[in-house]
Amino acid sequence: MTNRRAQWLLTAVGMVILGVMEVYIPSAAETSDPTKIVVKDFMFKPTPVTVKAGSTVTWTNMDDEPHTVVSDTGMFKSGGMDTNESFSFKFDQPGTYHFTCSIHPRMVGTIVVQ
Amino acid sequence: MSDDPSLLSRRNALKCMAYGGAGTLFALSGGVFTPIDLAWAAGDKQGAAKLGKPLFVQISDTHIGFNKEANPDVSGTLSQTIDIVNGLYDQPALIIHTGDITHLSKPAEFDLAQQLFTRLRTTEMHTVPGEHDTTDATVTEYFNRFGKASNNKGYYSFDHAGVHFIGLINVLQFKPGGLGSLGAEQLAWVAADLKGRSASTPIVVFAHMPLWTIYEPWGWGTGDADQLMGQLRRFGSVTVLNGHIHQIVQKVEGNMTFHTARSTSYPQPAAGVGSGPGPLKVPADQLQAMLGITSVSVVKHPSSLALNDTALA
């Protein structure tokens with residue numbers, strides 16, 4: 001086998017392996033429980049999420065900076081959540097709910113309840 | 001010197017100096033506040049004395065309750081700041097705290113902050129809340145302690161030595177995805193407060209979030225601040241003091257000087273650097289300089305300092 005041919009084969013095998021790996025590496029949004037929202041790097045992750053009516057959604061702050069979760073309509077409001085602190089709210093009614101961090105209002109998220 | 005308060009105030013307006021930031025003080029010269037290194041004032045007592053009696057010290061973003069790596073001892077650095085202020089040759093008449101007294105609006109944090117403040121030799125303190133002071137569910141902890149001056153509204157004004165001071169609140173009416181805001185009611189109050197005031201009255205406006213847009217993606221600004229500036233533009237000397245961004249940023253526009261103070265707790269990154277405006281971890285030997293508690297060896301003559309003096313951050 002020439003060097004060039006060996007190289008081509010290795011590349012081809014590599015591509016196949018990569019392809020297989022891609023299939024088996026699901027994105028974070030696909031695997032994560034939609035009722036668990038992480039607050040990290042000044043973002044709500046994931047967002048938007050879709051949950052069933054009656055679900056309890058929990059937000060957990062993973063930043064060194066405190067964050068809050070405040071509904072645009074005033075329906076729910078956490079206090080300041082320090083690092084590793086959480087806030088939960090139960091969504092009984094279907095609808096679309098927008099929320100923000102009152103300390104960093106550019107942080108926004110959406111929950112769709114079905 | 002005449003005892004006539006208006007004459008006194010006019011003379012004082014040219015001589016008075018005021019302190020801003022934990023590390024910078026301002027001399028009101030020719031109607032414009034000029035920043036002077038606080039360490040210089042503390043170190044060169046004779047030189048500082050020549051500038052006249054200090055009008056006020058600005059303390060900001062004390063974040064009592066914060067205990068993360070960026071500064072595990074925010075009470076200690078506030079105490080050091082208080083020592084510097086107490087050590088000034090001439091004590092300022094007032095202390096102005098531009099918000100984020102606490103980190104999480106907890107009663108114990110407010111109590112500890114108030115206890116630390118009692119060590120200040122200057123006892124008259126004026127405050128405005130930061131967004132960290134108003135995260136409790138009922139937004140009452142701040143107002144229970146500091147709401148009296150504003151009748152629990154968060155905005156108020158007072159006069160001292162011929163200077164008109166206006167404290168404003170811009171952390172309660174956030175628009176999602178947007179900047180801080182003052183709101184129509186507060187803006188109408190400012191208009192009424194300024195009505196009939198002589199344009200020669202020096203004005204000092206203080207609020208927590210910057211009253212000009214420094215960096216919109218991080219919310220470093222106030223959405224309706226332009227309406228406020230429109231009301232202030234006719235005055236000959238306007239000084240706008242803010243905190244929030246934990247570093248010094250300054251701007252001069254016509255007769256208006258804008259200044260954000262350093263924090264006494266922890267530094268934050270420069271605009272747009274990193275994922276967000278969170279605590280910036282720096283080596284321990286750099287922390288104090290970034291909090292403005294600079295060493296006395298930083299000696300600068302006030303006249304050599306430009307207006308756009310920047311923080312070490």
# chains A, B, ... in the order shown; residues from 1 in each chain; ligands from 1
$ closest_atom_pairs --of "chain B" --to "chain A" --cutoff "10 Å" --atoms "only C-alpha atoms" --output "JSON lines"
{"residue": "B:Phe66", "atom": "CA", "partner": "A:Glu65", "partner_atom": "CA", "distance": 9.0}
{"residue": "B:Asn67", "atom": "CA", "partner": "A:Asp64", "partner_atom": "CA", "distance": 9.5}
{"residue": "B:Lys68", "atom": "CA", "partner": "A:Asp64", "partner_atom": "CA", "distance": 6.9}
{"residue": "B:Glu69", "atom": "CA", "partner": "A:Asp64", "partner_atom": "CA", "distance": 8.7}
{"residue": "B:Ala70", "atom": "CA", "partner": "A:Asp64", "partner_atom": "CA", "distance": 9.0}
{"residue": "B:His103", "atom": "CA", "partner": "A:Pro66", "partner_atom": "CA", "distance": 7.9}
{"residue": "B:Leu104", "atom": "CA", "partner": "A:Gly80", "partner_atom": "CA", "distance": 5.5}
{"residue": "B:Ser105", "atom": "CA", "partner": "A:Gly80", "partner_atom": "CA", "distance": 7.5}
{"residue": "B:Lys106", "atom": "CA", "partner": "A:Gly80", "partner_atom": "CA", "distance": 9.0}
{"residue": "B:Gly130", "atom": "CA", "partner": "A:Ile103", "partner_atom": "CA", "distance": 9.1}
{"residue": "B:Glu131", "atom": "CA", "partner": "A:Ile103", "partner_atom": "CA", "distance": 5.6}
{"residue": "B:His132", "atom": "CA", "partner": "A:Ile103", "partner_atom": "CA", "distance": 6.7}
{"residue": "B:Asp133", "atom": "CA", "partner": "A:Gly80", "partner_atom": "CA", "distance": 9.5}
{"residue": "B:Thr134", "atom": "CA", "partner": "A:Gly80", "partner_atom": "CA", "distance": 8.8}
{"residue": "B:Thr135", "atom": "CA", "partner": "A:Gly80", "partner_atom": "CA", "distance": 5.3}
{"residue": "B:Asp136", "atom": "CA", "partner": "A:Gly79", "partner_atom": "CA", "distance": 5.1}
{"residue": "B:Ala137", "atom": "CA", "partner": "A:Gly79", "partner_atom": "CA", "distance": 5.6}
{"residue": "B:Thr138", "atom": "CA", "partner": "A:Gly79", "partner_atom": "CA", "distance": 9.2}
{"residue": "B:Val139", "atom": "CA", "partner": "A:Gly79", "partner_atom": "CA", "distance": 9.7}
{"residue": "B:Val171", "atom": "CA", "partner": "A:Ile103", "partner_atom": "CA", "distance": 8.2}
{"residue": "B:Leu172", "atom": "CA", "partner": "A:Ser102", "partner_atom": "CA", "distance": 8.3}
{"residue": "B:Gln173", "atom": "CA", "partner": "A:Ser102", "partner_atom": "CA", "distance": 8.9}
{"residue": "B:Phe174", "atom": "CA", "partner": "A:Pro105", "partner_atom": "CA", "distance": 6.3}
{"residue": "B:Lys175", "atom": "CA", "partner": "A:Pro105", "partner_atom": "CA", "distance": 6.6}
{"residue": "B:Pro176", "atom": "CA", "partner": "A:Pro105", "partner_atom": "CA", "distance": 4.9}
{"residue": "B:Gly177", "atom": "CA", "partner": "A:Arg106", "partner_atom": "CA", "distance": 3.5}
{"residue": "B:Gly178", "atom": "CA", "partner": "A:Arg106", "partner_atom": "CA", "distance": 5.7}
{"residue": "B:Leu179", "atom": "CA", "partner": "A:Pro105", "partner_atom": "CA", "distance": 7.0}
{"residue": "B:Gly180", "atom": "CA", "partner": "A:Pro105", "partner_atom": "CA", "distance": 8.2}
{"residue": "B:Glu216", "atom": "CA", "partner": "A:Arg106", "partner_atom": "CA", "distance": 9.0}
{"residue": "B:Pro217", "atom": "CA", "partner": "A:Arg106", "partner_atom": "CA", "distance": 7.0}
{"residue": "B:Trp218", "atom": "CA", "partner": "A:Arg106", "partner_atom": "CA", "distance": 6.8}
{"residue": "B:Gly219", "atom": "CA", "partner": "A:Arg106", "partner_atom": "CA", "distance": 6.6}
{"residue": "B:Trp220", "atom": "CA", "partner": "A:His104", "partner_atom": "CA", "distance": 9.6}
{"residue": "B:Gly274", "atom": "CA", "partner": "A:Asp41", "partner_atom": "CA", "distance": 8.9}
{"residue": "B:Ser275", "atom": "CA", "partner": "A:Asp41", "partner_atom": "CA", "distance": 5.5}
{"residue": "B:Gly276", "atom": "CA", "partner": "A:Phe42", "partner_atom": "CA", "distance": 5.9}
{"residue": "B:Pro277", "atom": "CA", "partner": "A:Phe42", "partner_atom": "CA", "distance": 8.3}
{"residue": "B:Gly278", "atom": "CA", "partner": "A:Glu65", "partner_atom": "CA", "distance": 5.5}
{"residue": "B:Pro279", "atom": "CA", "partner": "A:Glu65", "partner_atom": "CA", "distance": 6.7}
{"residue": "B:Leu280", "atom": "CA", "partner": "A:Asp64", "partner_atom": "CA", "distance": 9.7}
$ residues_around --residues "Asp159 of chain B" --least-positions-apart "2" --cutoff "12 Å" --atoms "only C-alpha atoms" --output "VMD selection string"
chain B and resid 5 to 6 9 55 93 to 94 126 156 to 157 161 to 167 193 197 201 to 205
$ closest_residue --among "A:Asn84, A:Thr110, A:Gln93, A:Thr73" --to "Ser55 of chain A" --atoms "only C-alpha atoms"
A:Gln93
$ select_by_dssp --residues "segment 100-242 of chain B" --states "strand (DSSP E or B)" --output "MDAnalysis selection string"
chainID B and resid 102 125:127 156:160 163:167 180 203:206 215 220 222 238:242
